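Asker: Structure below; questions to follow.
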Amino acid sequence: MTTNQKIDASLRDAILSQPDAILDDKDVMHALIAANEKIMGANIVDLRGIAMDRLENRLDRLEDTHRSVIAAAYENLAGTNQIHRAILRMLDATEFEDFLRDLNGAVAEVLRVDAVRLVLETEQSDGQEDMPALEDVLCVKPEGFVEAYVAPGRGGASRPITLRQVAQGDEALFGNSAKRIRSEACLTLDLGSGRLPGLLVLGSEDSSLFGPQQGTDLLTFFAGVFERVMRRWLT
């Protein structure tokens with residue numbers, strides 16, 4: 001014969017008055033399930049307990065996925081706001097030289113990059129000496145430079161947006177700061193019919209800022225706006 005041990009009356013009344021508190025407490029439920037399995041013995045398989053364990057594991061995975069989705073959404077929203085602020089700052093310029101200086105100044109600060117370089121191709125071999133006052137942002141290069149810079153062998157297939165880590169930046173673009181550059185975003189520019197292509201390079205000292213595994217939607221939008229602004233200045 002077995003005897004049932006009665007629990008304290010006050011504890012029993014508390015449980016009966018708030019049963020949801022027991023069900024919501026994961027540790028208490030685990031203890032109750034373990035006690036139930038102990039009573040049943042090792043020869044009995046509790047299918048309901050197994051099902052509950054599986055459901056609990058699925059719930060944990062769902063909660064992790066939910067948190068990841070929310071974090072990604074906030075990050076994407078922050079990136080969108082950042083691109084919008086950079087575009088608005090870029091549109092503020094009323095002179096071409098101010099526009100170029102802002103690229104490596106206020107626009108670079110908004111985008112949180114350490115260097116911005118605009119590459120324009122020219123058929124003249126000595127074109128890079130035309131605007132020495134803006135050499136810290138504007139680089140004039142011979143025809144074919146853009147394709148060669150973003151071509152396979154430098155970090156992947158040639159495409160409108162190329163994100164990659166680098167051992168160091170290209171000295172022809174970044175000058176003395178090239179040794180500090182560890183990643184870059186290369187935005188190929190279509191400057192209009194009859195014009196040679198351009199290239200906008202965003203350089204960062206953070207090796208994890210740009211990488212081939214990242215999405216390019218926001219930078220594609222930024223490049224599209226930049227192309228249209230450049231066409232206005234080049235007319």
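By convention in this document, the chains of the structure tokens carry letters A, B, ... by their order, each chain's residues are numbered from 1, and ligands are numbered from 1 in the order they are shown.
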Would you write out, as a Markdown table, a table of all residues in segment 79-167 of chain A that have an atom no more than 10 Å from an atom of segment 185-197 of chain A, listing for each the closest atom pair and the distance in Å to one decimal, considering only C-alpha atoms and ordering rows by chain and rising residue number?
Answerer:
```
| residue | atom | partner | partner_atom | distance |
| --- | --- | --- | --- | --- |
| A:Val113 | CA | A:Ala185 | CA | 9.9 |
| A:Val116 | CA | A:Ala185 | CA | 9.6 |
| A:Arg117 | CA | A:Cys186 | CA | 9.6 |
| A:Leu118 | CA | A:Leu187 | CA | 9.5 |
| A:Val119 | CA | A:Pro197 | CA | 8.8 |
| A:Leu120 | CA | A:Pro197 | CA | 7.0 |
| A:Glu121 | CA | A:Leu196 | CA | 5.9 |
| A:Thr122 | CA | A:Leu196 | CA | 7.1 |
| A:Glu123 | CA | A:Leu196 | CA | 8.8 |
| A:Pro142 | CA | A:Leu196 | CA | 9.9 |
| A:Glu143 | CA | A:Leu196 | CA | 7.3 |
| A:Gly144 | CA | A:Pro197 | CA | 8.7 |
| A:Phe145 | CA | A:Pro197 | CA | 9.3 |
| A:Val146 | CA | A:Pro197 | CA | 7.1 |
| A:Glu147 | CA | A:Thr188 | CA | 8.7 |
| A:Tyr149 | CA | A:Cys186 | CA | 8.9 |
| A:Val150 | CA | A:Cys186 | CA | 7.3 |
| A:Ser158 | CA | A:Thr188 | CA | 9.5 |
| A:Arg159 | CA | A:Thr188 | CA | 7.8 |
| A:Pro160 | CA | A:Thr188 | CA | 5.0 |
| A:Ile161 | CA | A:Leu187 | CA | 4.9 |
| A:Thr162 | CA | A:Cys186 | CA | 5.0 |
| A:Leu163 | CA | A:Ala185 | CA | 4.6 |
| A:Arg164 | CA | A:Ala185 | CA | 6.7 |
| A:Gln165 | CA | A:Ala185 | CA | 9.0 |
```
Asker: For the structure I just gave you, how does DSSP split chain A - specifically, which residues are strand (DSSP E)? Reply as a ChimeraX atom specification.
Answerer: /A:115-122,138-142,161-165,183-189,198-204
Asker: Run DSSP on the backbone and tell me which residues of segment 19-212 of chain A come out as alpha helix (DSSP H); list them as a ChimeraX atom specification.
Answerer: /A:19-24,26-40,47-91,96-102,108-111,145-150,171-174
Asker: Expressed in Å to a single decimal, how great is the separation between atom CA of Met90 of chain A and atom CA of Ala78 of chain A?
Answerer: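 Atom CA of Ala78 of chain A lies 18.4 Å from atom CA of Met90 of chain A.
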Asker: Give me the residues within 12 Å of Asp136 of chain A as a list in words, counting only C-alpha atoms and dropping any in the same chain fewer than 3 places off.
Answerer: Glu97, Leu100, Arg101, Asp102, Leu103, Asn104, Gly105, Ala115, Val116, Arg117, Leu118, Val119, Gln128, Met131, Pro132, Ala133, Cys139, Val140, Glu171, Ala172, Leu173, Phe174, Gly175, Asn176, Ser177 and Ala178 of chain A
Asker: Keeping N, CA, C and O atoms for every residue in the selection just given, could you write it to a file as an mmCIF file, in the first residue's frame?
Answerer:
```
data_model
loop_
_atom_site.group_PDB
_atom_site.id
_atom_site.type_symbol
_atom_site.label_atom_id
_atom_site.label_comp_id
_atom_site.auth_asym_id
_atom_site.auth_seq_id
_atom_site.Cartn_x
_atom_site.Cartn_y
_atom_site.Cartn_z
ATOM 1 N N GLU A 97 32.893 71.963 -57.022
ATOM 2 C CA GLU A 97 34.024 71.769 -56.103
ATOM 3 C C GLU A 97 33.519 71.500 -54.682
ATOM 4 O O GLU A 97 34.093 70.664 -53.969
ATOM 5 N N LEU A 100 32.400 67.909 -54.521
ATOM 6 C CA LEU A 100 33.505 66.965 -54.404
ATOM 7 C C LEU A 100 34.110 66.988 -53.004
ATOM 8 O O LEU A 100 34.423 65.928 -52.436
ATOM 9 N N ARG A 101 34.280 68.160 -52.440
ATOM 10 C CA ARG A 101 34.860 68.240 -51.091
ATOM 11 C C ARG A 101 33.953 67.575 -50.057
ATOM 12 O O ARG A 101 34.426 66.942 -49.123
ATOM 13 N N ASP A 102 32.637 67.727 -50.244
ATOM 14 C CA ASP A 102 31.705 67.106 -49.309
ATOM 15 C C ASP A 102 31.786 65.588 -49.352
ATOM 16 O O ASP A 102 31.531 64.913 -48.344
ATOM 17 N N LEU A 103 32.137 65.035 -50.511
ATOM 18 C CA LEU A 103 32.218 63.574 -50.630
ATOM 19 C C LEU A 103 33.193 63.001 -49.613
ATOM 20 O O LEU A 103 32.911 61.996 -48.955
ATOM 21 N N ASN A 104 34.343 63.616 -49.515
ATOM 22 C CA ASN A 104 35.361 63.118 -48.595
ATOM 23 C C ASN A 104 35.284 63.804 -47.234
ATOM 24 O O ASN A 104 36.163 63.621 -46.399
ATOM 25 N N GLY A 105 34.223 64.568 -47.038
ATOM 26 C CA GLY A 105 34.025 65.254 -45.767
ATOM 27 C C GLY A 105 32.743 64.828 -45.101
ATOM 28 O O GLY A 105 32.661 63.768 -44.476
ATOM 29 N N ALA A 115 37.517 57.158 -46.181
ATOM 30 C CA ALA A 115 37.972 57.831 -47.395
ATOM 31 C C ALA A 115 36.983 57.583 -48.521
ATOM 32 O O ALA A 115 36.414 56.491 -48.631
ATOM 33 N N VAL A 116 36.760 58.609 -49.329
ATOM 34 C CA VAL A 116 35.918 58.493 -50.527
ATOM 35 C C VAL A 116 36.710 59.012 -51.711
ATOM 36 O O VAL A 116 37.287 60.103 -51.645
ATOM 37 N N ARG A 117 36.754 58.239 -52.775
ATOM 38 C CA ARG A 117 37.474 58.645 -53.983
ATOM 39 C C ARG A 117 36.558 58.498 -55.185
ATOM 40 O O ARG A 117 35.912 57.457 -55.380
ATOM 41 N N LEU A 118 36.503 59.543 -56.013
ATOM 42 C CA LEU A 118 35.755 59.526 -57.261
ATOM 43 C C LEU A 118 36.746 59.410 -58.414
ATOM 44 O O LEU A 118 37.651 60.232 -58.561
ATOM 45 N N VAL A 119 36.594 58.377 -59.202
ATOM 46 C CA VAL A 119 37.481 58.122 -60.336
ATOM 47 C C VAL A 119 36.743 58.451 -61.628
ATOM 48 O O VAL A 119 35.644 57.934 -61.876
ATOM 49 N N GLN A 128 45.160 63.522 -65.024
ATOM 50 C CA GLN A 128 45.103 63.531 -63.567
ATOM 51 C C GLN A 128 45.693 64.788 -62.946
ATOM 52 O O GLN A 128 45.569 65.006 -61.761
ATOM 53 N N MET A 131 43.109 68.977 -61.867
ATOM 54 C CA MET A 131 42.520 69.586 -60.675
ATOM 55 C C MET A 131 43.296 69.173 -59.434
ATOM 56 O O MET A 131 42.796 68.404 -58.593
ATOM 57 N N PRO A 132 44.525 69.630 -59.285
ATOM 58 C CA PRO A 132 45.351 69.217 -58.146
ATOM 59 C C PRO A 132 44.765 69.598 -56.796
ATOM 60 O O PRO A 132 45.008 68.935 -55.801
ATOM 61 N N ALA A 133 43.952 70.643 -56.737
ATOM 62 C CA ALA A 133 43.391 71.068 -55.458
ATOM 63 C C ALA A 133 42.397 70.052 -54.910
ATOM 64 O O ALA A 133 42.105 70.039 -53.726
ATOM 65 N N CYS A 139 40.124 61.495 -58.713
ATOM 66 C CA CYS A 139 41.230 60.829 -59.394
ATOM 67 C C CYS A 139 40.863 60.665 -60.861
ATOM 68 O O CYS A 139 39.861 60.021 -61.183
ATOM 69 N N VAL A 140 41.644 61.263 -61.743
ATOM 70 C CA VAL A 140 41.423 61.150 -63.183
ATOM 71 C C VAL A 140 42.386 60.106 -63.723
ATOM 72 O O VAL A 140 43.593 60.238 -63.585
ATOM 73 N N GLU A 171 47.373 52.762 -53.572
ATOM 74 C CA GLU A 171 48.038 54.058 -53.364
ATOM 75 C C GLU A 171 47.684 55.058 -54.448
ATOM 76 O O GLU A 171 47.706 56.272 -54.210
ATOM 77 N N ALA A 172 47.367 54.563 -55.648
ATOM 78 C CA ALA A 172 46.994 55.461 -56.733
ATOM 79 C C ALA A 172 45.692 56.195 -56.431
ATOM 80 O O ALA A 172 45.438 57.274 -56.972
ATOM 81 N N LEU A 173 44.874 55.627 -55.556
ATOM 82 C CA LEU A 173 43.614 56.267 -55.174
ATOM 83 C C LEU A 173 43.684 56.930 -53.806
ATOM 84 O O LEU A 173 43.269 58.072 -53.642
ATOM 85 N N PHE A 174 44.200 56.204 -52.824
ATOM 86 C CA PHE A 174 44.134 56.669 -51.445
ATOM 87 C C PHE A 174 45.390 57.381 -50.966
ATOM 88 O O PHE A 174 45.414 57.900 -49.850
ATOM 89 N N GLY A 175 46.444 57.367 -51.759
ATOM 90 C CA GLY A 175 47.654 58.084 -51.387
ATOM 91 C C GLY A 175 48.270 57.582 -50.091
ATOM 92 O O GLY A 175 48.397 56.377 -49.880
ATOM 93 N N ASN A 176 48.627 58.511 -49.208
ATOM 94 C CA ASN A 176 49.304 58.139 -47.957
ATOM 95 C C ASN A 176 48.423 57.342 -46.998
ATOM 96 O O ASN A 176 48.936 56.634 -46.129
ATOM 97 N N SER A 177 47.116 57.455 -47.140
ATOM 98 C CA SER A 177 46.213 56.723 -46.245
ATOM 99 C C SER A 177 45.934 55.301 -46.727
ATOM 100 O O SER A 177 45.196 54.563 -46.075
ATOM 101 N N ALA A 178 46.515 54.906 -47.858
ATOM 102 C CA ALA A 178 46.241 53.585 -48.437
ATOM 103 C C ALA A 178 46.603 52.454 -47.488
ATOM 104 O O ALA A 178 45.904 51.425 -47.433
#
```
Asker: Which one of A:Ala35, A:Val107, A:Ala148, A:Phe96 sits closest to Leu134 of chain A if you count only C-alpha atoms?
Answerer: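 The closest residue to Leu134 of chain A is A:Phe96.
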Asker: Quick one: residues within 9 Å of Arg89 of chain A, only C-alpha atoms, excluding same-chain residues fewer than 2 positions away - as a VMD selection string?
Answerer: chain A and resid 84 to 87 91 to 93 102 106 to 107 110
Asker: Restricting the output to N, CA and C atoms, write the selected residues as a PDB file, in the first residue's frame.
Answerer:
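Wrote again_23.pdb, looks like this:
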```pdb
ATOM      1  N   HIS A  84      20.021  57.737 -46.818  1.00  0.00           N
ATOM      2  CA  HIS A  84      19.180  58.904 -47.089  1.00  0.00           C
ATOM      3  C   HIS A  84      19.845  60.192 -46.607  1.00  0.00           C
ATOM      4  N   ARG A  85      20.453  60.152 -45.433  1.00  0.00           N
ATOM      5  CA  ARG A  85      21.127  61.346 -44.918  1.00  0.00           C
ATOM      6  C   ARG A  85      22.316  61.722 -45.799  1.00  0.00           C
ATOM      7  N   ALA A  86      23.056  60.710 -46.273  1.00  0.00           N
ATOM      8  CA  ALA A  86      24.205  60.980 -47.138  1.00  0.00           C
ATOM      9  C   ALA A  86      23.755  61.606 -48.451  1.00  0.00           C
ATOM     10  N   ILE A  87      22.651  61.125 -49.002  1.00  0.00           N
ATOM     11  CA  ILE A  87      22.148  61.673 -50.264  1.00  0.00           C
ATOM     12  C   ILE A  87      21.692  63.115 -50.082  1.00  0.00           C
ATOM     13  N   LEU A  91      23.199  66.443 -51.965  1.00  0.00           N
ATOM     14  CA  LEU A  91      22.387  67.331 -52.796  1.00  0.00           C
ATOM     15  C   LEU A  91      22.449  68.787 -52.352  1.00  0.00           C
ATOM     16  N   ASP A  92      23.035  69.054 -51.189  1.00  0.00           N
ATOM     17  CA  ASP A  92      23.105  70.425 -50.687  1.00  0.00           C
ATOM     18  C   ASP A  92      24.071  71.304 -51.479  1.00  0.00           C
ATOM     19  N   ALA A  93      25.076  70.695 -52.110  1.00  0.00           N
ATOM     20  CA  ALA A  93      26.132  71.468 -52.780  1.00  0.00           C
ATOM     21  C   ALA A  93      25.568  72.246 -53.967  1.00  0.00           C
ATOM     22  N   ASP A 102      32.637  67.727 -50.244  1.00  0.00           N
ATOM     23  CA  ASP A 102      31.705  67.106 -49.309  1.00  0.00           C
ATOM     24  C   ASP A 102      31.786  65.588 -49.352  1.00  0.00           C
ATOM     25  N   ALA A 106      31.699  65.644 -45.266  1.00  0.00           N
ATOM     26  CA  ALA A 106      30.431  65.388 -44.587  1.00  0.00           C
ATOM     27  C   ALA A 106      29.773  64.079 -45.023  1.00  0.00           C
ATOM     28  N   VAL A 107      29.830  63.776 -46.328  1.00  0.00           N
ATOM     29  CA  VAL A 107      29.208  62.544 -46.823  1.00  0.00           C
ATOM     30  C   VAL A 107      29.936  61.324 -46.264  1.00  0.00           C
ATOM     31  N   VAL A 110      28.876  60.754 -42.672  1.00  0.00           N
ATOM     32  CA  VAL A 110      27.550  60.158 -42.552  1.00  0.00           C
ATOM     33  C   VAL A 110      27.612  58.655 -42.862  1.00  0.00           C
TER      34      VAL A 110
END
```
Asker: Enter the distance from atom CA of Arg180 of chain A to atom CA of Leu111 of chain A, in Å, rounded to one decimal.
Answerer: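 For atom CA of Arg180 of chain A relative to atom CA of Leu111 of chain A, the distance reads 17.5 Å.
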Asker: Could you list, as a VMD selection string, every residue within 10 Å of segment 50-61 of chain A, counting only C-alpha atoms and ignoring same-chain residues fewer than 6 positions away?
Answerer: chain A and resid 26 30 33 67
Asker: Just the selected residues (all heavy atoms), exported as an mmCIF file, in the first residue's frame, please.
Answerer:
```cif
data_model
loop_
_atom_site.group_PDB
_atom_site.id
_atom_site.type_symbol
_atom_site.label_atom_id
_atom_site.label_comp_id
_atom_site.auth_asym_id
_atom_site.auth_seq_id
_atom_site.Cartn_x
_atom_site.Cartn_y
_atom_site.Cartn_z
ATOM 1 N N LYS A 26 8.958 27.645 -16.109
ATOM 2 C CA LYS A 26 9.624 26.551 -16.812
ATOM 3 C C LYS A 26 10.322 25.596 -15.846
ATOM 4 O O LYS A 26 10.253 24.370 -15.994
ATOM 5 C CB LYS A 26 10.632 27.113 -17.811
ATOM 6 C CG LYS A 26 11.318 26.048 -18.659
ATOM 7 C CD LYS A 26 12.377 26.646 -19.578
ATOM 8 C CE LYS A 26 11.786 27.582 -20.588
ATOM 9 N NZ LYS A 26 12.800 28.068 -21.554
ATOM 10 N N HIS A 30 9.481 21.586 -15.327
ATOM 11 C CA HIS A 30 10.513 20.564 -15.507
ATOM 12 C C HIS A 30 10.568 19.643 -14.290
ATOM 13 O O HIS A 30 10.706 18.413 -14.417
ATOM 14 C CB HIS A 30 11.876 21.224 -15.735
ATOM 15 C CG HIS A 30 12.133 21.591 -17.168
ATOM 16 N ND1 HIS A 30 12.107 20.679 -18.185
ATOM 17 C CD2 HIS A 30 12.441 22.785 -17.732
ATOM 18 C CE1 HIS A 30 12.364 21.290 -19.332
ATOM 19 N NE2 HIS A 30 12.568 22.578 -19.082
ATOM 20 N N ILE A 33 7.528 17.298 -14.300
ATOM 21 C CA ILE A 33 7.661 16.253 -15.321
ATOM 22 C C ILE A 33 8.673 15.198 -14.876
ATOM 23 O O ILE A 33 8.461 13.994 -15.032
ATOM 24 C CB ILE A 33 8.072 16.878 -16.675
ATOM 25 C CG1 ILE A 33 6.925 17.742 -17.213
ATOM 26 C CG2 ILE A 33 8.429 15.789 -17.682
ATOM 27 C CD1 ILE A 33 7.300 18.564 -18.427
ATOM 28 N N ARG A 67 14.218 36.951 -32.786
ATOM 29 C CA ARG A 67 15.161 38.002 -32.362
ATOM 30 C C ARG A 67 16.104 38.384 -33.498
ATOM 31 O O ARG A 67 16.435 39.560 -33.675
ATOM 32 C CB ARG A 67 15.948 37.528 -31.139
ATOM 33 C CG ARG A 67 15.146 37.564 -29.832
ATOM 34 C CD ARG A 67 16.058 37.345 -28.631
ATOM 35 N NE ARG A 67 16.540 35.967 -28.589
ATOM 36 C CZ ARG A 67 15.939 35.005 -27.916
ATOM 37 N NH1 ARG A 67 14.829 35.263 -27.242
ATOM 38 N NH2 ARG A 67 16.442 33.782 -27.900
#
```
Asker: In Å, with one decimal, what is the gap from atom CA of Gly198 of chain A to atom CA of Thr235 of chain A?
Answerer: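 Atom CA of Gly198 of chain A sits 15.1 Å away from atom CA of Thr235 of chain A.
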Asker: So, counting only C-alpha atoms, which residue among A:Leu202, A:Ile83, A:Ile22, A:Leu16 is closest to Phe221 of chain A?
Answerer: A:Ile83
